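Shown next, in structure tokens, is the structure this report addresses.
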Amino acid sequence: MLLPVFAVAFILLLASLRIAQEYQRAIVFRLGRYVGTRGPGLYWLIPFIERQQTIDMRTKTVELEQQETITKDSVTIKVNAVLWFKVVSPADAVIKVADYNRAVYQLAVTALRNIIGQNQLDEVLKERAHINSSLLQLVDAATETWGVKIELVEIKDVEIPESMQRAMAREAEAIREKRARLIKAEAELEASRKLTLGAQEMEKSPMSLELRRMQMLSEIGIDNNTTTVVLIPSEFAHAAKTIAPLLGGAAGDKPVA
């Protein structure tokens with residue numbers, strides 16, 4: 001008579017043994033009341049009295065579906081993001097929220113739309129790291145009471161309308177053209193200053209002017225062109241500069257009839 005009893009007890013004992021993996025935790029309820037968290041490894045449940053719910057403690061990756069939202073400057077864009085989170089308090093994740101996976105997902109989607117609505121298009125495109133940080137803090141603060149830790153949030157892609165893409169392309173082209181003109185103007189200004197300094201130095205030495213003329217002739221002859229160049233000796237220029245004041249003075253001394 002005792003043998004069947006021991007056999008049934010032994011079977012119940014074996015059936016009540018549980019094994020949790022290193023990344024798992026078991027939330028145990030006794031007659032509906034939470035009594036503790038067990039695992040990893042081997043543990044035992046009281047038959048017919050205790051039941052368990054296993055929670056995965058590993059980091060999960062969730063891709064947020066594409067959201068069509070409006071930026072602060074009234075531009076409609078489509079944004080999707082990627083969310084990484086894990087459970088740090090298994091008891092809270094089971095007791096305080098019905099489905100923590102769905103809750104975290106919906107909260108992240110809502111926060112993403114709110115963050116995009118608070119920023120202009122240029123900020124969404126240029127300050128993505130700042131937006132990711134703000135989104136992480138917002139979602140993590142809300143999920144803390146659920147025993148869930150948000151590890152990382154990254155905006156994956158931003159899709160803007162084609163009309164806005166063309167407008168941005170024209171704006172970028174205008175900016176590049178403006179920059180090119182400014183650089184060219186600065187180069188011409190610098191060249192004019194250098195030419196002025198060179199002319200002043202040549203004026204001090206007539207021989208340097210002759211050397212420059214000879215260099216110009218050699219540069220013209222390199223291209224094998226048919227340009228005819230007539231050079232006036234520099235002595236004529238110096239003579240003209242000397243005579244001009246004398247002629248001006250003579251004209252000033254001429255009596256008026």
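Starting from 1 in every chain, residues are counted up; chains themselves are A, B, ... following the order of the structure tokens, and ligands are numbered from 1 as listed.
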
Problem - Which of region 12-242 of chain A DSSP labels strand (DSSP E or B), written as a ChimeraX atom specification - result: /A:17-20,24-30,33-38,41-44,50-56,60-70,76-87,148-159

Practice task
Please provide as an MDAnalysis selection string all residues within 10 Å of region 48-55 of chain A, with the sequence filter that same-chain residues fewer than 4 positions apart are discarded (counting only C-alpha atoms).
Solution key: chainID A and resid 12 16 18 20:21 23:39 44 87 89:91 93:94

Exercise for the section: Within region 94-182 of chain A, find each residue whose DSSP state, derived from the backbone, is alpha helix (DSSP H), and express the selection as a PyMOL selection string. Expected result: chain A and resi 94-95+100-117+121-126+128-143+162-182

Exercise for the section: Can you pull out every residue within 6 Å of Ile77 (chain A), counting only C-alpha atoms, but drop anything in the same chain fewer than 5 positions away, and send it as a VMD selection string? Expected result: chain A and resid 68 to 69 159 to 160

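Residue nearest Thr110 (chain A), chosen from A:Met57, A:Leu138, A:Leu42, A:Ala129 and counting only C-alpha atoms: A:Leu138.
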
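In this model, the gap between CA of Arg176 (chain A) and CA of Met164 (chain A) comes to 18.2 Å.
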
Practice task
Might you pull out every residue within 10 Å of Lys149 (chain A), with only C-alpha atoms counted and same-chain residues fewer than 2 positions away left off, and present them as a PyMOL selection string?
Solution key: chain A and resi 59+84-89+104+139-147+151-152

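Taking CA of Leu136 (chain A) as the reference point, CA of Ala108 (chain A) is found at 8.9 Å.
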
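Taking CA of Lys60 (chain A) and CA of Val82 (chain A) as endpoints, the distance between them is 10.5 Å.
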
Shell of 8 Å around region 112-126 of chain A, only C-alpha atoms, local chain residues under 2 positions omitted, as a CSV table (one decimal) with N, CA, C and O atoms, in the first residue's frame:
chain,number,residue,atom,x,y,z
A,67,GLN,N,6.5,56.1,-38.8
A,67,GLN,CA,5.5,57.0,-38.3
A,67,GLN,C,5.5,58.3,-39.2
A,67,GLN,O,6.5,58.9,-39.5
A,69,THR,N,4.5,62.0,-39.3
A,69,THR,CA,4.2,63.0,-38.3
A,69,THR,C,4.6,64.4,-38.9
A,69,THR,O,5.3,64.4,-40.0
A,70,ILE,N,4.3,65.4,-38.2
A,70,ILE,CA,4.5,66.8,-38.7
A,70,ILE,C,5.5,67.4,-37.7
A,70,ILE,O,5.4,67.4,-36.5
A,71,THR,N,6.5,68.1,-38.3
A,71,THR,CA,7.6,68.8,-37.5
A,71,THR,C,7.0,70.1,-37.0
A,71,THR,O,5.9,70.5,-37.3
A,72,LYS,N,7.8,70.8,-36.2
A,72,LYS,CA,7.4,72.0,-35.6
A,72,LYS,C,7.2,73.1,-36.7
A,72,LYS,O,6.4,74.0,-36.5
A,73,ASP,N,7.9,73.0,-37.8
A,73,ASP,CA,7.8,74.0,-38.9
A,73,ASP,C,6.8,73.5,-40.0
A,73,ASP,O,6.9,73.9,-41.2
A,75,VAL,N,6.2,70.5,-41.6
A,75,VAL,CA,6.7,69.7,-42.7
A,75,VAL,C,6.3,68.2,-42.3
A,75,VAL,O,6.7,67.7,-41.3
A,108,ALA,N,7.1,54.1,-26.8
A,108,ALA,CA,8.1,54.6,-27.7
A,108,ALA,C,7.6,55.2,-28.9
A,108,ALA,O,8.1,56.3,-29.4
A,109,VAL,N,6.6,54.6,-29.6
A,109,VAL,CA,6.0,55.2,-30.8
A,109,VAL,C,5.4,56.6,-30.5
A,109,VAL,O,5.6,57.6,-31.2
A,110,THR,N,4.7,56.7,-29.4
A,110,THR,CA,4.1,57.9,-29.0
A,110,THR,C,5.1,59.0,-28.7
A,110,THR,O,5.0,60.2,-29.1
A,128,ARG,N,20.3,64.7,-34.8
A,128,ARG,CA,19.7,63.4,-34.5
A,128,ARG,C,20.2,62.9,-33.2
A,128,ARG,O,19.4,62.2,-32.5
A,131,ILE,N,18.2,64.4,-30.4
A,131,ILE,CA,16.8,63.9,-30.4
A,131,ILE,C,16.8,62.5,-29.8
A,131,ILE,O,15.9,62.1,-29.0
A,134,SER,N,17.1,62.7,-26.0
A,134,SER,CA,15.8,63.2,-25.4
A,134,SER,C,14.8,62.1,-25.4
A,134,SER,O,14.0,61.9,-24.4
A,135,LEU,N,14.7,61.4,-26.5
A,135,LEU,CA,13.7,60.3,-26.6
A,135,LEU,C,14.1,59.2,-25.6
A,135,LEU,O,13.2,58.6,-25.0
A,158,VAL,N,14.8,59.0,-41.9
A,158,VAL,CA,13.9,60.1,-42.0
A,158,VAL,C,13.6,60.3,-43.5
A,158,VAL,O,14.5,60.5,-44.3

Handout entry: Shortest interatomic distance to Glu154 (chain A) - which of A:Asn132, A:Val5, A:Leu64, A:Glu203, counting only C-alpha atoms
Key =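 Closest to Glu154 (chain A) of all the choices is A:Asn132.
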